[in-house]
Amino acid sequence: MRQPGICAGTIKYLFNEAALTGCEHRLIYDLDRGTYRAMILRPAAKLTELQGTGKGARLMDGVRFRELTLRGHRSFSSGKSARCIHPTGWLEKIHHHLQDGRGNS
């Protein structure tokens with residue numbers, strides 16, 4: 001199942017912000033709640049939540065994260081997971097696997 005634009009706008013925004021600020025950004029997924037939010041890793045290793053475009057979002061009603069797969073890492077189906085977006089333009093490849101209330105993927 002595909003949810004149009006899932007995280008896409010947020011990821012593009014964070015990619016640009018990382019390049020502009022020179023700071024690593026992270027997209028934090030809460031698979032149990034079906035939410036994601038953006039954070040920035042500021043100098044002195046202070047991780048803070050972003051406001052505006054990067055502010056947290058929720059999947060559409062009836063849709064949940066079935067699994068997130070990070071390239072070179074294991075898959076996650078519950079709990080929290082993070083995707084790093086580096087100021088050099090590198091970001092971890094991730095696959096979002098979604099499921100609706102009827103079990104359709």
# chains A, B, ... in the order shown; residues from 1 in each chain; ligands from 1
call {"tool": "residues_around", "arguments": {"residues": "segment 71-77 of chain A", "least_positions_apart": "3", "cutoff": "12 Å", "atoms": "only C-alpha atoms", "output": "list in words"}}
result
Tyr29, Asp30, Leu31, Asp32, Arg33, Gly34, Arg64, Phe65, Arg66, Glu67, Leu68, Lys80, Ser81, Ala82, Arg83, Leu91, Glu92, Lys93, Ile94, His95, His96, His97, Leu98 and Gln99 of chain A
call {"tool": "select_by_dssp", "arguments": {"residues": "chain A", "states": "strand (DSSP E or B)", "output": "PyMOL selection string"}}
result
chain A and resi 24-30+35-42+46-49+57-58+63-70+75-76+80-85+91+94-100
call {"tool": "closest_residue", "arguments": {"among": "A:Ala19, A:Ala8, A:Val63, A:Ala57", "to": "Asn104 of chain A", "atoms": "only C-alpha atoms"}}
result
A:Val63
call {"tool": "residues_around", "arguments": {"residues": "Trp90 of chain A", "least_positions_apart": "2", "cutoff": "10 Å", "atoms": "only C-alpha atoms", "output": "count of residues only"}}
result
11
call {"tool": "closest_residue", "arguments": {"among": "A:Gly103, A:Gly52, A:Pro43, A:Gly62", "to": "Leu14 of chain A", "atoms": "only C-alpha atoms"}}
result
A:Gly52
call {"tool": "closest_residue", "arguments": {"among": "A:Ile11, A:Cys23, A:Leu70, A:Ile28", "to": "Ala45 of chain A", "atoms": "only C-alpha atoms"}}
result
A:Cys23
call {"tool": "decode", "arguments": {"residues": "segment 21-89 of chain A", "atoms": "C-alpha atoms", "output": "tab-separated table (two decimals), in the first residue's frame"}}
result
chain	number	residue	atom	x	y	z
A	21	THR	CA	22.91	24.55	8.12
A	22	GLY	CA	25.80	22.09	7.92
A	23	CYS	CA	24.07	20.02	10.63
A	24	GLU	CA	22.89	16.43	10.53
A	25	HIS	CA	19.12	16.05	10.52
A	26	ARG	CA	17.11	12.98	11.49
A	27	LEU	CA	13.68	11.68	10.67
A	28	ILE	CA	12.39	9.77	13.69
A	29	TYR	CA	9.72	7.13	13.07
A	30	ASP	CA	7.41	5.83	15.79
A	31	LEU	CA	6.10	2.66	14.17
A	32	ASP	CA	3.67	1.86	16.98
A	33	ARG	CA	1.94	5.24	16.74
A	34	GLY	CA	2.24	5.69	12.97
A	35	THR	CA	4.03	9.02	13.32
A	36	TYR	CA	7.28	10.61	12.19
A	37	ARG	CA	9.06	13.83	13.19
A	38	ALA	CA	12.14	15.76	12.22
A	39	MET	CA	15.07	16.65	14.45
A	40	ILE	CA	18.36	18.48	14.02
A	41	LEU	CA	21.68	17.55	15.62
A	42	ARG	CA	23.18	20.89	16.57
A	43	PRO	CA	26.80	21.51	17.59
A	44	ALA	CA	27.67	20.05	21.00
A	45	ALA	CA	25.51	17.01	20.07
A	46	LYS	CA	22.19	18.59	21.08
A	47	LEU	CA	19.30	16.85	19.30
A	48	THR	CA	16.27	19.15	19.08
A	49	GLU	CA	12.89	18.88	17.38
A	50	LEU	CA	12.21	21.06	14.35
A	51	GLN	CA	9.15	23.23	13.99
A	52	GLY	CA	7.21	24.17	10.85
A	53	THR	CA	7.69	21.83	7.89
A	54	GLY	CA	9.73	19.41	9.95
A	55	LYS	CA	7.17	19.20	12.73
A	56	GLY	CA	5.73	15.76	13.42
A	57	ALA	CA	3.12	14.12	11.21
A	58	ARG	CA	0.82	11.10	11.37
A	59	LEU	CA	-0.09	8.52	8.74
A	60	MET	CA	-3.64	8.62	7.34
A	61	ASP	CA	-6.36	6.96	9.43
A	62	GLY	CA	-6.31	3.19	9.11
A	63	VAL	CA	-2.74	3.11	7.75
A	64	ARG	CA	0.23	1.90	9.77
A	65	PHE	CA	3.90	1.18	9.28
A	66	ARG	CA	4.15	-2.57	8.69
A	67	GLU	CA	7.93	-2.41	8.45
A	68	LEU	CA	10.85	-0.05	7.81
A	69	THR	CA	13.94	-1.48	6.18
A	70	LEU	CA	17.18	0.46	6.38
A	71	ARG	CA	19.77	-0.53	3.79
A	72	GLY	CA	22.58	-2.44	5.44
A	73	HIS	CA	20.62	-2.73	8.68
A	74	ARG	CA	17.80	-4.83	9.92
A	75	SER	CA	14.10	-4.24	9.45
A	76	PHE	CA	11.91	-2.66	12.11
A	77	SER	CA	8.23	-3.42	12.69
A	78	SER	CA	7.75	-1.78	16.09
A	79	GLY	CA	9.30	0.82	18.33
A	80	LYS	CA	11.24	3.81	17.09
A	81	SER	CA	13.75	4.13	14.29
A	82	ALA	CA	15.73	7.05	12.85
A	83	ARG	CA	16.93	8.00	9.37
A	84	CYS	CA	20.00	10.23	9.24
A	85	ILE	CA	20.34	12.99	6.66
A	86	HIS	CA	23.89	14.28	6.50
A	87	PRO	CA	24.95	17.80	5.45
A	88	THR	CA	27.21	16.33	2.75
A	89	GLY	CA	24.11	15.17	0.88
